[in-house]
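Structure first, commentary second.
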Protein chains: 2
Amino acid sequence: MATRTDAPTRREQILKEAARLFAERGFHGVGVDEIGAAVGISGPGLYRHFAGKDAMLAELLVGISGRLLTGARRRLEEAGGVSAPEAVLDSLIEGHIDFALDDRPLITLHDRELDRLRDTDRKLVRQLQRQYVELWVGVVRELYPELAEPAARSAVHSVFGLLNSTPHLTRPGSLPGRAGTAELLHRMARGAFAAAGSR
Amino acid sequence: MATRTDAPTRREQILKEAARLFAERGFHGVGVDEIGAAVGISGPGLYRHFAGKDAMLAELLVGISGRLLTGARRRLEEAGGVSAPEAVLDSLIEGHIDFALDDRPLITLHDRELDRLRDTDRKLVRQLQRQYVELWVGVVRELYPELAEPAARSAVHSVFGLLNSTPHLTRPGSLPGRAGTAELLHRMARGAFAAAGSR
DNA sequence: CAGGGAGGTTAGCGGTCGTTAACCTGGAGG
DNA sequence: CCTCCAGGTTAACGACCGCTAACCTCCCTG
């Protein structure tokens, strides 16, 4: 994994703060002045970097969906073919958990502010999300062949709900650290799939 | 269960439509004129029934949290003592699923628009939610005594995430009907808890 | 049958918000 | 050293939105 070491671009600062604010108070609940203030510039200065407030949300959501899908495809081809479907599923779960734990604001936005996008952007995000889901569905059905496709798809959505619950586990110190949380979530996801796949 | 047969109050109509609209486009994304239009009156007519837009959201959220907690307490004392903890947990899961399937907009609002409330209302809702969670935690720990309390609480939150994923299963016709969905969610929730509780 | 309140209506005020316009400035390049 | 542009600034506009004011109209009741 190529870890970034150079300083973040101003654009990246803005996106990061915008994501945090959008997740905290909702897209309509945040003003451009607040986003600007969060990165040390004021209001209209943002328009040197983005066409508008909508454009920030669009870039965030497309970016999230794209990164999720790309990561899942990489994991699939890295572990696919050479491994049992259990290992592939474990890898997918691990990737999603990493994402949910490291980018909570983005995970929150991901299924909350989709309808605020322009038609064209929303369709793109929906398409990326759908591909991501179908990729999971394929792996799950390989592991639990007796699971019908609609049920498998519902199960995948539900497990996403489970994994994306991390923003609600916000109380720091109460839970057994990042590693412990990740392991707990992982076990629960596997348990949920196993229960869904048992007839 | 005492089923309502009389016509819904105008207040109830408003609350129902407001819940739907808030869930669809977010609290700040919906204008009072839209809410009014959804019940056939226009804009300011709402103020004959509510003190303001905030008051509608507050009544919705307090109502949800209260009904969830009340229902859970009733189920606990109906099934508690006379039944094994498994039966109690099943009853809690069933109640939550009924709620998630029958009142999707409310379930969506429940963890999405809490921060838009006035301090006093938000504290009340948080308190009700916390009591609901703790009630689950108690039952879960009774069933899986080896599960530490923080882990049990995380597990409960995660299962809520799983059960509350129903708004994402919106495609009608794709899933095997309400009963099938309920049963699938139930099995997955039990599987997730079992996996969390296994050392 | 008078009267009054419940439940509407439209007009409009005041504040907020996204966006644009016009201007400024420091630093890199010829 | 001049120039120019990237990246800021403040002012202000126009739209929208929550809410109030003022008014209207049934319908129920004494």
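Going by the structure tokens order, chains are called A, B, ..., each with residues numbered from 1, while ligands are numbered from 1 in the order shown.
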Practice task
Would you list the contacts of C:DC24 as a VMD selection string, taking every protein, DNA or RNA residue within 12 Å and counting only C-alpha atoms (C1' of nucleotides), but skipping same-chain residues closer than 5 positions in sequence?
Solution key: chain D and resid 7 to 10
Neighbours of stretch 58-69 of chain A within 6 Å (only C-alpha atoms (C1' of nucleotides); same-chain residues fewer than 3 positions away dropped), as a PDB file with N, CA and C atoms, in the first residue's frame?
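Final output, selection24.pdb:
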ATOM      1  N   ALA A  55     -20.848  20.340  -5.992  1.00  0.00           N
ATOM      2  CA  ALA A  55     -19.695  19.658  -6.582  1.00  0.00           C
ATOM      3  C   ALA A  55     -18.854  18.968  -5.513  1.00  0.00           C
ATOM      4  N   ALA A  72     -12.433  -3.500  -3.536  1.00  0.00           N
ATOM      5  CA  ALA A  72     -13.038  -4.831  -3.530  1.00  0.00           C
ATOM      6  C   ALA A  72     -12.558  -5.643  -4.734  1.00  0.00           C
ATOM      7  N   VAL A 125     -23.042   7.226  -9.034  1.00  0.00           N
ATOM      8  CA  VAL A 125     -22.801   6.660  -7.699  1.00  0.00           C
ATOM      9  C   VAL A 125     -23.623   5.383  -7.514  1.00  0.00           C
ATOM     10  N   LEU A 128     -21.954   2.533  -9.276  1.00  0.00           N
ATOM     11  CA  LEU A 128     -20.778   2.030  -8.568  1.00  0.00           C
ATOM     12  C   LEU A 128     -21.201   1.209  -7.351  1.00  0.00           C
ATOM     13  N   GLN A 129     -22.180   1.730  -6.616  1.00  0.00           N
ATOM     14  CA  GLN A 129     -22.662   0.996  -5.441  1.00  0.00           C
ATOM     15  C   GLN A 129     -23.221  -0.366  -5.840  1.00  0.00           C
ATOM     16  N   TYR A 132     -20.569  -2.801  -6.569  1.00  0.00           N
ATOM     17  CA  TYR A 132     -19.956  -3.243  -5.315  1.00  0.00           C
ATOM     18  C   TYR A 132     -20.821  -4.307  -4.650  1.00  0.00           C
TER      19      TYR A 132
END
Exercise for the section: Would you give me, as a list in words, the residues of chain C that come within 10 Å of chain B, using only C-alpha atoms (C1' of nucleotides)? Expected result: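 Listing them in order of chain and number gives DA6, DG7, DG8, DT9 and DT10 of chain C.
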Would you give me, as a tab-separated table, each residue of chain B having an atom within 10 Å of an atom of chain A, along with its shortest atom pair and that distance in Å to one decimal, using only C-alpha atoms and sorting by chain and residue number?
residue	atom	partner	partner_atom	distance
B:Ala23	CA	A:Arg112	CA	9.4
B:Glu24	CA	A:Asp115	CA	7.8
B:Arg25	CA	A:Asp115	CA	6.9
B:Gly26	CA	A:Gly26	CA	7.6
B:Phe27	CA	A:His28	CA	8.4
B:His28	CA	A:His28	CA	5.6
B:Gly29	CA	A:His28	CA	6.2
B:Val30	CA	A:His28	CA	9.8
B:Thr108	CA	A:Arg112	CA	9.4
B:Asp111	CA	A:His168	CA	8.6
B:Arg112	CA	A:Arg112	CA	8.1
B:Glu113	CA	A:Arg25	CA	8.2
B:Leu114	CA	A:Arg25	CA	9.5
B:Asp115	CA	A:Arg25	CA	7.0
B:Arg116	CA	A:Arg25	CA	7.6
B:Ala148	CA	A:Pro176	CA	9.8
B:Glu149	CA	A:Leu175	CA	9.1
B:Pro150	CA	A:Leu175	CA	5.4
B:Ala151	CA	A:Leu175	CA	6.5
B:Ala152	CA	A:Leu175	CA	9.6
B:Arg153	CA	A:Leu175	CA	8.6
B:Ser154	CA	A:Leu169	CA	6.4
B:Ala155	CA	A:Leu184	CA	7.7
B:Val156	CA	A:Leu162	CA	9.9
B:His157	CA	A:Ser165	CA	6.8
B:Ser158	CA	A:Leu162	CA	4.8
B:Val159	CA	A:Leu162	CA	6.0
B:Phe160	CA	A:Leu162	CA	7.3
B:Gly161	CA	A:Leu162	CA	4.6
B:Leu162	CA	A:Leu162	CA	4.4
B:Leu163	CA	A:Ser158	CA	6.9
B:Asn164	CA	A:Gly161	CA	7.1
B:Ser165	CA	A:Gly161	CA	5.2
B:Thr166	CA	A:Ser158	CA	7.5
B:Pro167	CA	A:His157	CA	9.9
B:His168	CA	A:His157	CA	7.0
B:Leu169	CA	A:Ser154	CA	6.4
B:Thr170	CA	A:Ser154	CA	9.9
B:Gly173	CA	A:Pro150	CA	9.4
B:Ser174	CA	A:Pro150	CA	5.9
B:Leu175	CA	A:Pro150	CA	5.4
B:Pro176	CA	A:Ala151	CA	7.3
B:Gly180	CA	A:Ala151	CA	8.8
B:Thr181	CA	A:Ser154	CA	8.0
B:Glu183	CA	A:Ala196	CA	9.4
B:Leu184	CA	A:Ala196	CA	6.2
B:Leu185	CA	A:Ser158	CA	7.7
B:His186	CA	A:Ala196	CA	9.1
B:Arg187	CA	A:Ala195	CA	5.6
B:Met188	CA	A:Ala192	CA	4.3
B:Ala189	CA	A:Ala192	CA	6.4
B:Arg190	CA	A:Ala192	CA	7.5
B:Gly191	CA	A:Ala192	CA	4.7
B:Ala192	CA	A:Met188	CA	4.2
B:Phe193	CA	A:Met188	CA	6.7
B:Ala194	CA	A:Gly191	CA	7.0
B:Ala195	CA	A:Gly191	CA	5.0
B:Ala196	CA	A:Met188	CA	5.5
B:Gly197	CA	A:Met188	CA	9.1
B:Ser198	CA	A:Arg187	CA	9.0
Practice task
Write down, as JSON, numbers by chain, each residue of chain B that has any atom within 9 Å of an atom of chain D, counting only C-alpha atoms (C1' of nucleotides).
Solution key: {"B": [31, 32, 44, 47, 52, 53]}
Please dump the current selection as an mmCIF file, in the first residue's frame; keep N, CA and C atoms.
data_model
loop_
_atom_site.group_PDB
_atom_site.id
_atom_site.type_symbol
_atom_site.label_atom_id
_atom_site.label_comp_id
_atom_site.auth_asym_id
_atom_site.auth_seq_id
_atom_site.Cartn_x
_atom_site.Cartn_y
_atom_site.Cartn_z
ATOM 1 N N GLY B 31 -39.348 21.956 2.944
ATOM 2 C CA GLY B 31 -39.962 23.201 3.382
ATOM 3 C C GLY B 31 -41.330 22.960 3.968
ATOM 4 N N VAL B 32 -41.778 23.884 4.784
ATOM 5 C CA VAL B 32 -43.103 23.722 5.385
ATOM 6 C C VAL B 32 -44.196 23.705 4.309
ATOM 7 N N PRO B 44 -48.451 27.788 5.881
ATOM 8 C CA PRO B 44 -48.666 28.267 7.248
ATOM 9 C C PRO B 44 -49.835 27.606 7.961
ATOM 10 N N TYR B 47 -49.273 25.683 11.182
ATOM 11 C CA TYR B 47 -49.037 26.291 12.488
ATOM 12 C C TYR B 47 -50.283 26.296 13.364
ATOM 13 N N GLY B 52 -44.071 24.718 15.258
ATOM 14 C CA GLY B 52 -43.087 25.017 14.228
ATOM 15 C C GLY B 52 -42.544 23.745 13.636
ATOM 16 N N LYS B 53 -41.681 23.892 12.664
ATOM 17 C CA LYS B 53 -41.105 22.725 11.998
ATOM 18 C C LYS B 53 -40.313 21.878 12.992
#
Exercise for the section: Would you kindly return, as a ChimeraX atom specification, each protein, DNA or RNA residue with an atom no farther than 9 Å from any atom of B:Leu76, considering only C-alpha atoms (C1' of nucleotides) and excluding same-chain residues fewer than 2 positions away? Expected result: /B:71-74,78-81,88-89,91-92,135,139
Writing out the chosen residues with all heavy atoms as a short mmCIF file (atom, residue, chain, number, x, y, z; two decimals), in the first residue's frame:
data_model
loop_
_atom_site.label_atom_id
_atom_site.label_comp_id
_atom_site.auth_asym_id
_atom_site.auth_seq_id
_atom_site.Cartn_x
_atom_site.Cartn_y
_atom_site.Cartn_z
N GLY B 71 -42.50 -0.67 23.93
CA GLY B 71 -42.73 -2.00 23.37
C GLY B 71 -41.74 -3.02 23.91
O GLY B 71 -42.11 -4.15 24.25
N ALA B 72 -40.49 -2.61 24.03
CA ALA B 72 -39.47 -3.53 24.52
C ALA B 72 -39.74 -3.91 25.97
O ALA B 72 -39.60 -5.08 26.35
CB ALA B 72 -38.09 -2.91 24.37
N ARG B 73 -40.14 -2.92 26.76
CA ARG B 73 -40.42 -3.22 28.18
C ARG B 73 -41.58 -4.19 28.30
O ARG B 73 -41.57 -5.11 29.12
CB ARG B 73 -40.74 -1.92 28.93
CG ARG B 73 -39.51 -1.14 29.31
CD ARG B 73 -39.87 0.06 30.17
NE ARG B 73 -38.68 0.75 30.65
CZ ARG B 73 -38.59 2.06 30.82
NH1 ARG B 73 -39.64 2.83 30.52
NH2 ARG B 73 -37.49 2.60 31.27
N ARG B 74 -42.60 -3.96 27.48
CA ARG B 74 -43.76 -4.85 27.53
C ARG B 74 -43.35 -6.28 27.16
O ARG B 74 -43.69 -7.24 27.85
CB ARG B 74 -44.84 -4.33 26.56
CG ARG B 74 -46.11 -5.14 26.57
CD ARG B 74 -47.20 -4.47 25.73
NE ARG B 74 -46.72 -3.92 24.47
CZ ARG B 74 -46.45 -4.66 23.39
NH1 ARG B 74 -46.58 -5.95 23.43
NH2 ARG B 74 -46.03 -4.07 22.28
N GLU B 78 -43.62 -9.52 29.55
CA GLU B 78 -44.48 -10.60 29.09
C GLU B 78 -43.72 -11.92 29.01
O GLU B 78 -44.21 -12.96 29.45
CB GLU B 78 -45.05 -10.28 27.70
CG GLU B 78 -46.33 -9.43 27.73
CD GLU B 78 -46.77 -9.06 26.33
OE1 GLU B 78 -46.16 -9.55 25.36
OE2 GLU B 78 -47.72 -8.27 26.21
N ALA B 79 -42.52 -11.86 28.44
CA ALA B 79 -41.75 -13.09 28.21
C ALA B 79 -40.70 -13.33 29.28
O ALA B 79 -40.20 -14.43 29.42
CB ALA B 79 -41.08 -13.04 26.83
N GLY B 80 -40.36 -12.28 30.05
CA GLY B 80 -39.31 -12.44 31.04
C GLY B 80 -39.76 -13.33 32.18
O GLY B 80 -40.94 -13.49 32.44
N GLY B 81 -38.82 -13.93 32.85
CA GLY B 81 -39.17 -14.75 33.99
C GLY B 81 -39.73 -16.10 33.63
O GLY B 81 -39.27 -17.12 34.12
N VAL B 88 -36.79 -14.25 25.01
CA VAL B 88 -36.88 -12.80 25.21
C VAL B 88 -36.17 -12.07 24.08
O VAL B 88 -36.69 -11.12 23.50
CB VAL B 88 -36.29 -12.41 26.57
CG1 VAL B 88 -36.44 -10.90 26.79
CG2 VAL B 88 -36.95 -13.17 27.70
N LEU B 89 -34.95 -12.52 23.77
CA LEU B 89 -34.21 -11.88 22.69
C LEU B 89 -34.97 -11.99 21.37
O LEU B 89 -35.06 -11.01 20.61
CB LEU B 89 -32.81 -12.51 22.56
CG LEU B 89 -31.90 -11.86 21.52
CD1 LEU B 89 -31.71 -10.37 21.83
CD2 LEU B 89 -30.54 -12.56 21.46
N SER B 91 -38.11 -12.13 21.00
CA SER B 91 -39.23 -11.20 21.05
C SER B 91 -38.77 -9.76 20.78
O SER B 91 -39.42 -9.01 20.05
CB SER B 91 -39.92 -11.30 22.41
OG SER B 91 -41.02 -10.42 22.47
N LEU B 92 -37.64 -9.40 21.37
CA LEU B 92 -37.10 -8.05 21.13
C LEU B 92 -36.78 -7.87 19.64
O LEU B 92 -37.11 -6.83 19.04
CB LEU B 92 -35.83 -7.83 21.96
CG LEU B 92 -36.01 -7.63 23.46
CD1 LEU B 92 -34.65 -7.40 24.12
CD2 LEU B 92 -36.93 -6.46 23.74
N LEU B 135 -31.50 -2.13 27.80
CA LEU B 135 -32.42 -3.26 27.97
C LEU B 135 -31.97 -4.44 27.10
O LEU B 135 -31.93 -5.59 27.56
CB LEU B 135 -33.81 -2.77 27.58
CG LEU B 135 -35.03 -3.60 27.89
CD1 LEU B 135 -36.20 -2.68 28.22
CD2 LEU B 135 -35.37 -4.46 26.69
N VAL B 139 -30.35 -8.38 28.20
CA VAL B 139 -30.81 -9.67 27.69
C VAL B 139 -29.68 -10.41 26.98
O VAL B 139 -29.50 -11.64 27.16
CB VAL B 139 -32.01 -9.46 26.75
CG1 VAL B 139 -32.43 -10.78 26.13
CG2 VAL B 139 -33.17 -8.82 27.50
#
Practice task
Kindly give the distance, in Å, that separates atom CA of A:Thr9 and atom CA of A:Phe50, rounded to a single decimal.
Solution key: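 Separation of atom CA of A:Thr9 and atom CA of A:Phe50: 13.2 Å.
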